[in-house]
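Since the structure comes first, as structure tokens, the remarks are kept for the end.
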Amino acid sequence: MSQENLLYSESHEWIKDNGDGTVTIGITDHAQDSLGDIVFVELPDLGDSFEIEDEFGVVESVKAASDLYMPVAGSIVATNSELEDEPEIINEDPYDKGWMIKVKLADAGDLDKLLNLEQYQEVVDAEA
Amino acid sequence: MKKTPLYDEHVALGAKMLDFAGWQMPIRYKTGTNEEHNAVRTSSGLFDVSHMGEITISGPDAAKFLDYACLNTASKLKPGRAQYSMIANDSGGLIDDIFLYQNSENDYLMIANASNIDAVMKHLNELAKDYDVSLIDVSDSWALLALQGPGAAVLLARFVDHDLTKLRRNRKIVTRFNDKVIDLARTGYTGEDGFEILCRPDDVVEIWKTLLEAGAVAAGLAARDSLRLEAGFPLFGHEFNESTNPLCSDYSWVVKDKDFYGREAIWDKPCDKKLVGIVLNERGVCRQGYKIYADDTEIGEVSSGTVSPLTRKSLALAWIDSKYAEEGTEVFISIRDRKLSATITKPPFYG
């Protein structure tokens, strides 16, 4: 998974445009590294609908709990069930095996509001 | 910000460093807390705990003084023996929990928590005025490593001058690690077999590197915390503090029926709350401060919480109303707007 081709949110999610009206979403390497070993992930149910910036789940390490916010509006068409028993997959492979949800876009225009890799890198650098 | 002699080693291993009690300490390495925790349970892990405090107590009144200043009976020790102990304040709580070692007659070593060294020294110096005893803070003269796990003894045996099968739990000897003189104690804070190695700061880098090369896994403070919690061991600042009575915990055995500083406020007091272990019955993470309920009433709060990398159970320690402190009682922990079912469980939480 090339990080160059992904889009990003300021809340450290990556968004992959699947080209068919859906996107796949996960959290970035920076996010998983900040959290430490992830022990618990709460994902939404299939069919749930959300607006941009709605909370759609939680990812927790012993150190911290991080709410997950929708970078786009849409409905949930798939969730990564492997994460229930093995949440640490997110630490090991945040961009591929660690994917969290697949969303059917309510408005393709939402993708225009997201950051590219360079812009996301600036967000990370500013937080340092 | 203080650094141990191993600072550069930690950074070289990709450690995430954190400020702990004024020291830059490794919270975890690239391996990650889960792997570090499990290494200690299955082979061996190596911790840099050089930030902890060392105090020598010597003089003709050393034993008498320690019997009065600490809760356990120091005078029952013999040269080469160690005991877990505590120092009480005069208001029913603790100043620190410590480990006490006897070196030789009238000569003792105390290891104290990094965050409490100054408070401990100040308090002991005050009490020492009535005794013929000399106290010295020698923390800067010692580096301290903890090698812990079922594989620790076999690994260490390659480098020390002593038959480790003859070094029993809670004993300390002076020996050599290769050519370096060390104090070696069969003690630890993880629930596994293991050793604590006291050495000169100039020698610790080489000892550290040798042990890692031999197969020990470098482990950080996060793993140290999840290990001790899983074993049911208290951490000062969480389970014990200036207002907790050790007689209301499973560590009441430390408090001996003798004269000691602070006895009046501690001895024979009713236990409104007791220190218990808790295991969640649902998925979630317990953290310090989370409120605990039973019968719709708040009965206490979490003092420490973690998820065990070994068993995947969600664990907590907490002081709760004595009425609910019996093993098997169901309680509810408030976690992020939900009340999750949990069961009072006596540690250790594994094995």
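Residues in the structure tokens are named by chain (A, B, ... in the order shown) and by number from 1 within that chain; ligands are numbered from 1 in the order shown.
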Give me, as a PDB file with N, CA and C atoms, in the first residue's frame, the contact residues of chain A against chain B at a cut-off of 10 Å, counting only C-alpha atoms.
ATOM      1  N   ASP A  33       1.757   4.453  16.512  1.00  0.00           N
ATOM      2  CA  ASP A  33       2.980   4.576  17.292  1.00  0.00           C
ATOM      3  C   ASP A  33       2.734   5.377  18.570  1.00  0.00           C
ATOM      4  N   SER A  34       1.917   6.410  18.475  1.00  0.00           N
ATOM      5  CA  SER A  34       1.610   7.230  19.656  1.00  0.00           C
ATOM      6  C   SER A  34       0.841   6.430  20.699  1.00  0.00           C
ATOM      7  N   GLY A  36       0.871   3.121  21.205  1.00  0.00           N
ATOM      8  CA  GLY A  36       1.502   1.939  21.784  1.00  0.00           C
ATOM      9  C   GLY A  36       0.678   0.719  21.431  1.00  0.00           C
ATOM     10  N   ASP A  37       0.945  -0.395  22.095  1.00  0.00           N
ATOM     11  CA  ASP A  37       0.247  -1.635  21.772  1.00  0.00           C
ATOM     12  C   ASP A  37      -1.258  -1.449  21.933  1.00  0.00           C
ATOM     13  N   ILE A  38      -1.977  -1.640  20.834  1.00  0.00           N
ATOM     14  CA  ILE A  38      -3.431  -1.458  20.867  1.00  0.00           C
ATOM     15  C   ILE A  38      -4.069  -2.721  21.428  1.00  0.00           C
ATOM     16  N   VAL A  39      -4.941  -2.563  22.368  1.00  0.00           N
ATOM     17  CA  VAL A  39      -5.535  -3.710  23.052  1.00  0.00           C
ATOM     18  C   VAL A  39      -7.028  -3.849  22.797  1.00  0.00           C
ATOM     19  N   PHE A  40      -7.620  -2.848  22.207  1.00  0.00           N
ATOM     20  CA  PHE A  40      -9.076  -2.872  22.097  1.00  0.00           C
ATOM     21  C   PHE A  40      -9.511  -1.929  20.988  1.00  0.00           C
ATOM     22  N   VAL A  41     -10.367  -2.434  20.107  1.00  0.00           N
ATOM     23  CA  VAL A  41     -10.903  -1.597  19.039  1.00  0.00           C
ATOM     24  C   VAL A  41     -12.412  -1.754  19.031  1.00  0.00           C
ATOM     25  N   GLU A  42     -13.116  -0.646  18.968  1.00  0.00           N
ATOM     26  CA  GLU A  42     -14.573  -0.705  18.882  1.00  0.00           C
ATOM     27  C   GLU A  42     -14.969  -0.133  17.545  1.00  0.00           C
ATOM     28  N   GLU A  60      -8.043   1.733  21.531  1.00  0.00           N
ATOM     29  CA  GLU A  60      -7.454   1.921  22.860  1.00  0.00           C
ATOM     30  C   GLU A  60      -6.167   1.145  23.055  1.00  0.00           C
ATOM     31  N   SER A  61      -5.238   1.796  23.721  1.00  0.00           N
ATOM     32  CA  SER A  61      -4.064   1.097  24.229  1.00  0.00           C
ATOM     33  C   SER A  61      -4.158   1.212  25.748  1.00  0.00           C
ATOM     34  N   VAL A  62      -3.243   0.586  26.454  1.00  0.00           N
ATOM     35  CA  VAL A  62      -3.263   0.713  27.911  1.00  0.00           C
ATOM     36  C   VAL A  62      -3.078   2.183  28.279  1.00  0.00           C
ATOM     37  N   LYS A  63      -2.288   2.862  27.492  1.00  0.00           N
ATOM     38  CA  LYS A  63      -1.925   4.251  27.772  1.00  0.00           C
ATOM     39  C   LYS A  63      -3.073   5.214  27.520  1.00  0.00           C
ATOM     40  N   ALA A  64      -3.817   5.010  26.434  1.00  0.00           N
ATOM     41  CA  ALA A  64      -4.781   6.046  26.026  1.00  0.00           C
ATOM     42  C   ALA A  64      -5.917   5.463  25.210  1.00  0.00           C
ATOM     43  N   ALA A  65      -7.015   6.181  25.199  1.00  0.00           N
ATOM     44  CA  ALA A  65      -8.138   5.835  24.337  1.00  0.00           C
ATOM     45  C   ALA A  65      -8.279   6.940  23.317  1.00  0.00           C
ATOM     46  N   GLU A  84     -10.991  -7.641  16.269  1.00  0.00           N
ATOM     47  CA  GLU A  84     -11.618  -7.896  17.563  1.00  0.00           C
ATOM     48  C   GLU A  84     -10.709  -8.784  18.430  1.00  0.00           C
ATOM     49  N   ASP A  85     -10.177  -9.857  17.818  1.00  0.00           N
ATOM     50  CA  ASP A  85      -9.304 -10.749  18.582  1.00  0.00           C
ATOM     51  C   ASP A  85      -7.839 -10.347  18.536  1.00  0.00           C
ATOM     52  N   GLU A  86      -7.466  -9.644  17.485  1.00  0.00           N
ATOM     53  CA  GLU A  86      -6.054  -9.278  17.331  1.00  0.00           C
ATOM     54  C   GLU A  86      -5.901  -7.803  17.023  1.00  0.00           C
ATOM     55  N   GLU A  88      -3.751  -5.816  17.773  1.00  0.00           N
ATOM     56  CA  GLU A  88      -2.364  -5.385  17.530  1.00  0.00           C
ATOM     57  C   GLU A  88      -1.976  -5.411  16.059  1.00  0.00           C
ATOM     58  N   ASN A  91      -1.015  -2.095  14.916  1.00  0.00           N
ATOM     59  CA  ASN A  91       0.362  -1.670  15.165  1.00  0.00           C
ATOM     60  C   ASN A  91       1.292  -2.251  14.109  1.00  0.00           C
TER      61      ASN A  91
END
Write out as an mmCIF file with N, CA and C atoms, in the first residue's frame all residues of chain A that DSSP puts in strand (DSSP E or B) for this structure's backbone.
data_model
loop_
_atom_site.group_PDB
_atom_site.id
_atom_site.type_symbol
_atom_site.label_atom_id
_atom_site.label_comp_id
_atom_site.auth_asym_id
_atom_site.auth_seq_id
_atom_site.Cartn_x
_atom_site.Cartn_y
_atom_site.Cartn_z
ATOM 1 N N LEU A 7 -5.235 9.337 1.037
ATOM 2 C CA LEU A 7 -5.602 10.646 1.555
ATOM 3 C C LEU A 7 -5.595 10.560 3.074
ATOM 4 N N TYR A 8 -5.563 11.723 3.725
ATOM 5 C CA TYR A 8 -5.424 11.719 5.186
ATOM 6 C C TYR A 8 -6.335 12.752 5.830
ATOM 7 N N GLU A 13 -6.238 9.657 10.374
ATOM 8 C CA GLU A 13 -6.768 8.501 9.640
ATOM 9 C C GLU A 13 -6.254 8.550 8.208
ATOM 10 N N TRP A 14 -6.073 7.398 7.597
ATOM 11 C CA TRP A 14 -5.798 7.343 6.164
ATOM 12 C C TRP A 14 -7.075 6.881 5.473
ATOM 13 N N ILE A 15 -7.252 7.371 4.241
ATOM 14 C CA ILE A 15 -8.466 7.068 3.479
ATOM 15 C C ILE A 15 -8.034 6.603 2.083
ATOM 16 N N LYS A 16 -8.478 5.395 1.701
ATOM 17 C CA LYS A 16 -8.136 4.873 0.371
ATOM 18 C C LYS A 16 -9.376 4.900 -0.489
ATOM 19 N N ASP A 17 -9.259 5.588 -1.602
ATOM 20 C CA ASP A 17 -10.379 5.638 -2.550
ATOM 21 C C ASP A 17 -10.378 4.335 -3.347
ATOM 22 N N THR A 22 -16.712 3.644 -2.793
ATOM 23 C CA THR A 22 -16.409 3.340 -1.390
ATOM 24 C C THR A 22 -14.976 3.750 -1.083
ATOM 25 N N VAL A 23 -14.722 3.960 0.211
ATOM 26 C CA VAL A 23 -13.355 4.196 0.684
ATOM 27 C C VAL A 23 -13.071 3.228 1.833
ATOM 28 N N THR A 24 -11.788 2.909 2.003
ATOM 29 C CA THR A 24 -11.357 2.116 3.160
ATOM 30 C C THR A 24 -10.607 3.055 4.088
ATOM 31 N N ILE A 25 -10.814 2.896 5.379
ATOM 32 C CA ILE A 25 -10.251 3.820 6.365
ATOM 33 C C ILE A 25 -9.503 3.068 7.459
ATOM 34 N N GLY A 26 -8.370 3.628 7.869
ATOM 35 C CA GLY A 26 -7.625 3.082 9.006
ATOM 36 C C GLY A 26 -6.911 4.226 9.698
ATOM 37 N N ILE A 27 -6.027 3.897 10.656
ATOM 38 C CA ILE A 27 -5.250 4.970 11.282
ATOM 39 C C ILE A 27 -3.797 4.893 10.826
ATOM 40 N N ILE A 38 -1.977 -1.640 20.834
ATOM 41 C CA ILE A 38 -3.431 -1.458 20.867
ATOM 42 C C ILE A 38 -4.069 -2.721 21.428
ATOM 43 N N VAL A 39 -4.941 -2.563 22.368
ATOM 44 C CA VAL A 39 -5.535 -3.710 23.052
ATOM 45 C C VAL A 39 -7.028 -3.849 22.797
ATOM 46 N N PHE A 40 -7.620 -2.848 22.207
ATOM 47 C CA PHE A 40 -9.076 -2.872 22.097
ATOM 48 C C PHE A 40 -9.511 -1.929 20.988
ATOM 49 N N VAL A 41 -10.367 -2.434 20.107
ATOM 50 C CA VAL A 41 -10.903 -1.597 19.039
ATOM 51 C C VAL A 41 -12.412 -1.754 19.031
ATOM 52 N N GLU A 42 -13.116 -0.646 18.968
ATOM 53 C CA GLU A 42 -14.573 -0.705 18.882
ATOM 54 C C GLU A 42 -14.969 -0.133 17.545
ATOM 55 N N SER A 49 -24.923 4.791 9.614
ATOM 56 C CA SER A 49 -24.638 5.985 8.802
ATOM 57 C C SER A 49 -24.047 7.086 9.646
ATOM 58 N N PHE A 50 -23.112 7.824 9.066
ATOM 59 C CA PHE A 50 -22.466 8.898 9.816
ATOM 60 C C PHE A 50 -22.278 10.134 8.958
ATOM 61 N N GLU A 55 -18.273 10.550 15.571
ATOM 62 C CA GLU A 55 -17.434 9.516 16.161
ATOM 63 C C GLU A 55 -17.936 8.166 15.674
ATOM 64 N N PHE A 56 -17.065 7.368 15.071
ATOM 65 C CA PHE A 56 -17.523 6.065 14.565
ATOM 66 C C PHE A 56 -16.931 4.897 15.348
ATOM 67 N N GLY A 57 -16.007 5.149 16.237
ATOM 68 C CA GLY A 57 -15.416 4.047 17.003
ATOM 69 C C GLY A 57 -14.347 4.544 17.949
ATOM 70 N N VAL A 58 -13.670 3.567 18.555
ATOM 71 C CA VAL A 58 -12.616 3.878 19.524
ATOM 72 C C VAL A 58 -11.459 2.912 19.316
ATOM 73 N N VAL A 59 -10.251 3.405 19.482
ATOM 74 C CA VAL A 59 -9.096 2.519 19.492
ATOM 75 C C VAL A 59 -8.344 2.791 20.790
ATOM 76 N N GLU A 60 -8.043 1.733 21.531
ATOM 77 C CA GLU A 60 -7.454 1.921 22.860
ATOM 78 C C GLU A 60 -6.167 1.145 23.055
ATOM 79 N N SER A 61 -5.238 1.796 23.721
ATOM 80 C CA SER A 61 -4.064 1.097 24.229
ATOM 81 C C SER A 61 -4.158 1.212 25.748
ATOM 82 N N ALA A 65 -7.015 6.181 25.199
ATOM 83 C CA ALA A 65 -8.138 5.835 24.337
ATOM 84 C C ALA A 65 -8.279 6.940 23.317
ATOM 85 N N SER A 66 -8.448 6.555 22.060
ATOM 86 C CA SER A 66 -8.546 7.549 21.005
ATOM 87 C C SER A 66 -9.850 7.362 20.262
ATOM 88 N N ASP A 67 -10.685 8.395 20.257
ATOM 89 C CA ASP A 67 -11.914 8.310 19.477
ATOM 90 C C ASP A 67 -11.578 8.400 18.002
ATOM 91 N N LEU A 68 -12.376 7.702 17.202
ATOM 92 C CA LEU A 68 -12.175 7.732 15.754
ATOM 93 C C LEU A 68 -13.272 8.561 15.122
ATOM 94 N N TYR A 69 -12.895 9.483 14.250
ATOM 95 C CA TYR A 69 -13.868 10.402 13.653
ATOM 96 C C TYR A 69 -13.962 10.194 12.150
ATOM 97 N N GLY A 74 -20.993 8.888 5.227
ATOM 98 C CA GLY A 74 -21.375 7.692 4.490
ATOM 99 C C GLY A 74 -21.878 6.604 5.398
ATOM 100 N N SER A 75 -22.070 5.411 4.814
ATOM 101 C CA SER A 75 -22.566 4.290 5.611
ATOM 102 C C SER A 75 -21.545 3.154 5.586
ATOM 103 N N ILE A 76 -21.549 2.375 6.636
ATOM 104 C CA ILE A 76 -20.559 1.311 6.823
ATOM 105 C C ILE A 76 -20.953 0.086 5.999
ATOM 106 N N VAL A 77 -20.069 -0.337 5.080
ATOM 107 C CA VAL A 77 -20.353 -1.534 4.283
ATOM 108 C C VAL A 77 -19.462 -2.713 4.676
ATOM 109 N N ALA A 78 -18.426 -2.458 5.434
ATOM 110 C CA ALA A 78 -17.579 -3.564 5.919
ATOM 111 C C ALA A 78 -16.768 -3.094 7.121
ATOM 112 N N THR A 79 -16.511 -4.025 8.043
ATOM 113 C CA THR A 79 -15.599 -3.722 9.159
ATOM 114 C C THR A 79 -14.607 -4.880 9.273
ATOM 115 N N ILE A 101 -12.560 0.167 8.592
ATOM 116 C CA ILE A 101 -13.909 0.185 8.029
ATOM 117 C C ILE A 101 -13.880 0.508 6.543
ATOM 118 N N LYS A 102 -14.936 0.069 5.878
ATOM 119 C CA LYS A 102 -15.145 0.434 4.479
ATOM 120 C C LYS A 102 -16.454 1.216 4.435
ATOM 121 N N VAL A 103 -16.414 2.376 3.784
ATOM 122 C CA VAL A 103 -17.563 3.283 3.832
ATOM 123 C C VAL A 103 -18.069 3.566 2.426
ATOM 124 N N LYS A 104 -19.404 3.500 2.244
ATOM 125 C CA LYS A 104 -20.007 3.934 0.983
ATOM 126 C C LYS A 104 -20.214 5.438 1.102
ATOM 127 N N LEU A 105 -19.554 6.191 0.215
ATOM 128 C CA LEU A 105 -19.573 7.649 0.309
ATOM 129 C C LEU A 105 -20.967 8.209 0.069
ATOM 130 N N LEU A 115 -6.451 15.604 3.133
ATOM 131 C CA LEU A 115 -5.060 16.012 2.921
ATOM 132 C C LEU A 115 -4.320 14.982 2.080
#
Find the residues around segment 245-255 of chain B up to 9 Å (only C-alpha atoms counted), leave out those fewer than 5 positions away in its own chain, and share them as a PyMOL selection string. chain B and resi 70-73+84-86+88+92-94+240+265-276+319+322
Using only C-alpha atoms, the shortest atom-to-atom distance to Ile90 of chain A among A:Asp112, A:Asp29, A:Asp20, A:Asp54 belongs to A:Asp29
What is the distance between atom CA of Arg176 of chain B and atom CA of Leu135 of chain B, in Å to one decimal? 26.5 Å
Residues near Asn80 of chain A, anyone? I mean within 8 Å using only C-alpha atoms, not counting same-chain ones fewer than 2 positions away, as a short mmCIF file (atom, residue, chain, number, x, y, z; two decimals) with N, CA and C atoms, in the first residue's frame.
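Okay, part37.cif is ready:
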data_model
loop_
_atom_site.label_atom_id
_atom_site.label_comp_id
_atom_site.auth_asym_id
_atom_site.auth_seq_id
_atom_site.Cartn_x
_atom_site.Cartn_y
_atom_site.Cartn_z
N ALA A 78 -18.43 -2.46 5.43
CA ALA A 78 -17.58 -3.56 5.92
C ALA A 78 -16.77 -3.09 7.12
N GLU A 82 -11.14 -9.07 12.10
CA GLU A 82 -9.90 -9.63 12.67
C GLU A 82 -9.43 -8.80 13.86
N LEU A 83 -9.79 -7.51 13.84
CA LEU A 83 -9.28 -6.60 14.88
C LEU A 83 -9.88 -6.89 16.24
N GLY A 98 -4.32 -3.72 8.82
CA GLY A 98 -4.94 -3.00 9.94
C GLY A 98 -6.09 -2.11 9.53
N TRP A 99 -6.65 -2.31 8.31
CA TRP A 99 -7.78 -1.47 7.90
C TRP A 99 -8.93 -1.67 8.87
N MET A 100 -9.75 -0.61 9.04
CA MET A 100 -10.80 -0.68 10.06
C MET A 100 -12.20 -0.76 9.47
N ILE A 101 -12.56 0.17 8.59
CA ILE A 101 -13.91 0.19 8.03
C ILE A 101 -13.88 0.51 6.54
#
Between segment 166-200 of chain B and segment 207-220 of chain B, at 10 Å or less, what are the per-residue closest atom pairs and their distances in Å? Count only C-alpha atoms, order by chain and rising residue number, and return it as CSV.
residue,atom,partner,partner_atom,distance
B:Phe177,CA,B:Ile207,CA,7.5
B:Asn178,CA,B:Ile207,CA,8.6
B:Lys180,CA,B:Ile207,CA,8.6
B:Ile197,CA,B:Ile207,CA,9.4
B:Cys199,CA,B:Ile207,CA,8.9
From the list B:Asp337, B:Asp202, B:Asp61, B:Glu282, which residue is nearest Asp107 of chain B when using only C-alpha atoms?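 Of B:Asp337, B:Asp202, B:Asp61, B:Glu282, the one nearest Asp107 of chain B, counting only C-alpha atoms, is B:Asp61.
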Residues near Ile55 of chain B, anyone? I mean within 12 Å using only C-alpha atoms, not counting same-chain ones fewer than 4 positions away, as JSON, numbers by chain. {"B": [98, 99, 100, 101, 102, 107, 108, 109, 110, 111, 112, 113, 114, 116, 117, 118, 120, 121, 122, 124, 125, 134, 135, 136, 137, 138, 139, 140, 141, 142]}
Name all residues at most 7 Å from Ala69 of chain B (count only C-alpha atoms; drop same-chain ones fewer than 3 positions away) and give them as a PDB file with N, CA and C atoms, in the first residue's frame.
ATOM      1  N   PHE B  65      17.126   0.869  64.695  1.00  0.00           N
ATOM      2  CA  PHE B  65      16.575   2.018  63.976  1.00  0.00           C
ATOM      3  C   PHE B  65      15.608   1.551  62.879  1.00  0.00           C
ATOM      4  N   LEU B  66      16.059   0.560  62.110  1.00  0.00           N
ATOM      5  CA  LEU B  66      15.216   0.086  61.008  1.00  0.00           C
ATOM      6  C   LEU B  66      13.951  -0.605  61.531  1.00  0.00           C
ATOM      7  N   ILE B  87       7.553   2.142  54.862  1.00  0.00           N
ATOM      8  CA  ILE B  87       7.796   3.206  55.839  1.00  0.00           C
ATOM      9  C   ILE B  87       6.495   3.978  55.992  1.00  0.00           C
ATOM     10  N   PHE B 260       6.595   0.855  66.003  1.00  0.00           N
ATOM     11  CA  PHE B 260       7.150   1.481  64.804  1.00  0.00           C
ATOM     12  C   PHE B 260       6.556   2.872  64.649  1.00  0.00           C
ATOM     13  N   TYR B 261       7.283   3.731  63.970  1.00  0.00           N
ATOM     14  CA  TYR B 261       6.817   5.096  63.732  1.00  0.00           C
ATOM     15  C   TYR B 261       5.516   5.039  62.938  1.00  0.00           C
TER      16      TYR B 261
END
What's around Ala185 of chain B at 10 Å? Count only C-alpha atoms, leave out sequence neighbours fewer than 4 positions away in its own chain, and write the answer as a PDB file with N, CA and C atoms, in the first residue's frame.
ATOM      1  N   GLY B  80      23.128 -11.027  53.869  1.00  0.00           N
ATOM      2  CA  GLY B  80      22.775 -11.680  52.615  1.00  0.00           C
ATOM      3  C   GLY B  80      21.292 -11.920  52.434  1.00  0.00           C
ATOM      4  N   ARG B  81      20.476 -11.456  53.361  1.00  0.00           N
ATOM      5  CA  ARG B  81      19.020 -11.658  53.221  1.00  0.00           C
ATOM      6  C   ARG B  81      18.308 -10.346  53.000  1.00  0.00           C
ATOM      7  N   ALA B  82      17.135 -10.432  52.376  1.00  0.00           N
ATOM      8  CA  ALA B  82      16.378  -9.237  52.013  1.00  0.00           C
ATOM      9  C   ALA B  82      14.919  -9.399  52.386  1.00  0.00           C
ATOM     10  N   TYR B 101      17.938  -4.843  52.432  1.00  0.00           N
ATOM     11  CA  TYR B 101      18.926  -5.918  52.355  1.00  0.00           C
ATOM     12  C   TYR B 101      19.918  -5.753  53.489  1.00  0.00           C
ATOM     13  N   ALA B 146      17.331  -5.155  36.234  1.00  0.00           N
ATOM     14  CA  ALA B 146      16.508  -6.278  36.664  1.00  0.00           C
ATOM     15  C   ALA B 146      16.421  -7.253  35.500  1.00  0.00           C
ATOM     16  N   LEU B 167      21.639 -19.633  44.983  1.00  0.00           N
ATOM     17  CA  LEU B 167      21.178 -18.301  45.375  1.00  0.00           C
ATOM     18  C   LEU B 167      19.657 -18.321  45.435  1.00  0.00           C
ATOM     19  N   ARG B 168      19.139 -18.301  46.650  1.00  0.00           N
ATOM     20  CA  ARG B 168      17.693 -18.432  46.829  1.00  0.00           C
ATOM     21  C   ARG B 168      16.990 -17.087  46.759  1.00  0.00           C
ATOM     22  N   ARG B 169      15.671 -17.162  46.630  1.00  0.00           N
ATOM     23  CA  ARG B 169      14.827 -15.972  46.599  1.00  0.00           C
ATOM     24  C   ARG B 169      15.090 -15.091  47.820  1.00  0.00           C
ATOM     25  N   ASN B 170      15.114 -13.790  47.614  1.00  0.00           N
ATOM     26  CA  ASN B 170      15.341 -12.819  48.694  1.00  0.00           C
ATOM     27  C   ASN B 170      16.702 -12.972  49.367  1.00  0.00           C
ATOM     28  N   ARG B 171      17.687 -13.384  48.583  1.00  0.00           N
ATOM     29  CA  ARG B 171      19.067 -13.407  49.083  1.00  0.00           C
ATOM     30  C   ARG B 171      19.918 -12.542  48.184  1.00  0.00           C
ATOM     31  N   LYS B 172      20.987 -11.986  48.759  1.00  0.00           N
ATOM     32  CA  LYS B 172      21.888 -11.146  47.966  1.00  0.00           C
ATOM     33  C   LYS B 172      23.331 -11.541  48.234  1.00  0.00           C
ATOM     34  N   ILE B 173      24.128 -11.559  47.179  1.00  0.00           N
ATOM     35  CA  ILE B 173      25.550 -11.876  47.326  1.00  0.00           C
ATOM     36  C   ILE B 173      26.381 -10.845  46.590  1.00  0.00           C
ATOM     37  N   VAL B 174      27.664 -10.814  46.903  1.00  0.00           N
ATOM     38  CA  VAL B 174      28.596 -10.018  46.111  1.00  0.00           C
ATOM     39  C   VAL B 174      29.332 -11.016  45.235  1.00  0.00           C
ATOM     40  N   GLY B 194      13.951 -14.257  39.009  1.00  0.00           N
ATOM     41  CA  GLY B 194      14.767 -13.215  38.393  1.00  0.00           C
ATOM     42  C   GLY B 194      15.778 -12.651  39.357  1.00  0.00           C
ATOM     43  N   PHE B 195      16.534 -11.696  38.834  1.00  0.00           N
ATOM     44  CA  PHE B 195      17.646 -11.131  39.584  1.00  0.00           C
ATOM     45  C   PHE B 195      17.658  -9.625  39.461  1.00  0.00           C
ATOM     46  N   GLU B 196      18.200  -8.988  40.486  1.00  0.00           N
ATOM     47  CA  GLU B 196      18.485  -7.566  40.382  1.00  0.00           C
ATOM     48  C   GLU B 196      19.989  -7.403  40.529  1.00  0.00           C
ATOM     49  N   ILE B 197      20.571  -6.669  39.618  1.00  0.00           N
ATOM     50  CA  ILE B 197      22.023  -6.532  39.550  1.00  0.00           C
ATOM     51  C   ILE B 197      22.391  -5.102  39.888  1.00  0.00           C
ATOM     52  N   LEU B 198      23.107  -4.930  40.998  1.00  0.00           N
ATOM     53  CA  LEU B 198      23.615  -3.609  41.366  1.00  0.00           C
ATOM     54  C   LEU B 198      25.070  -3.552  40.927  1.00  0.00           C
TER      55      LEU B 198
END
Please identify which residues in segment 7-123 of chain A DSSP calls helix (DSSP H, G or I) from the backbone, and express them as a list in words.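 In segment 7-123 of chain A, DSSP puts these residues in helix (DSSP H, G or I): Asp29, His30, Ala31, Gln32, Asp33, Ser34, Leu35, Glu82, Leu83, Glu84, Asp85, Ile89, Ile90, Asn91, Glu92, Ala108, Gly109, Asp110, Leu111, Asp112, Lys113, Leu117, Glu118, Gln119, Tyr120, Gln121, Glu122 and Val123 of chain A.
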Rounded to one decimal, what separation in Å do you get between atom CA of Leu155 of chain B and atom CA of Val40 of chain B?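 Distance between the two atoms: 12.8 Å.
Taking atom CA of Lys258 of chain B as the reference point, atom CA of Tyr68 of chain B is found at 8.2 Å.
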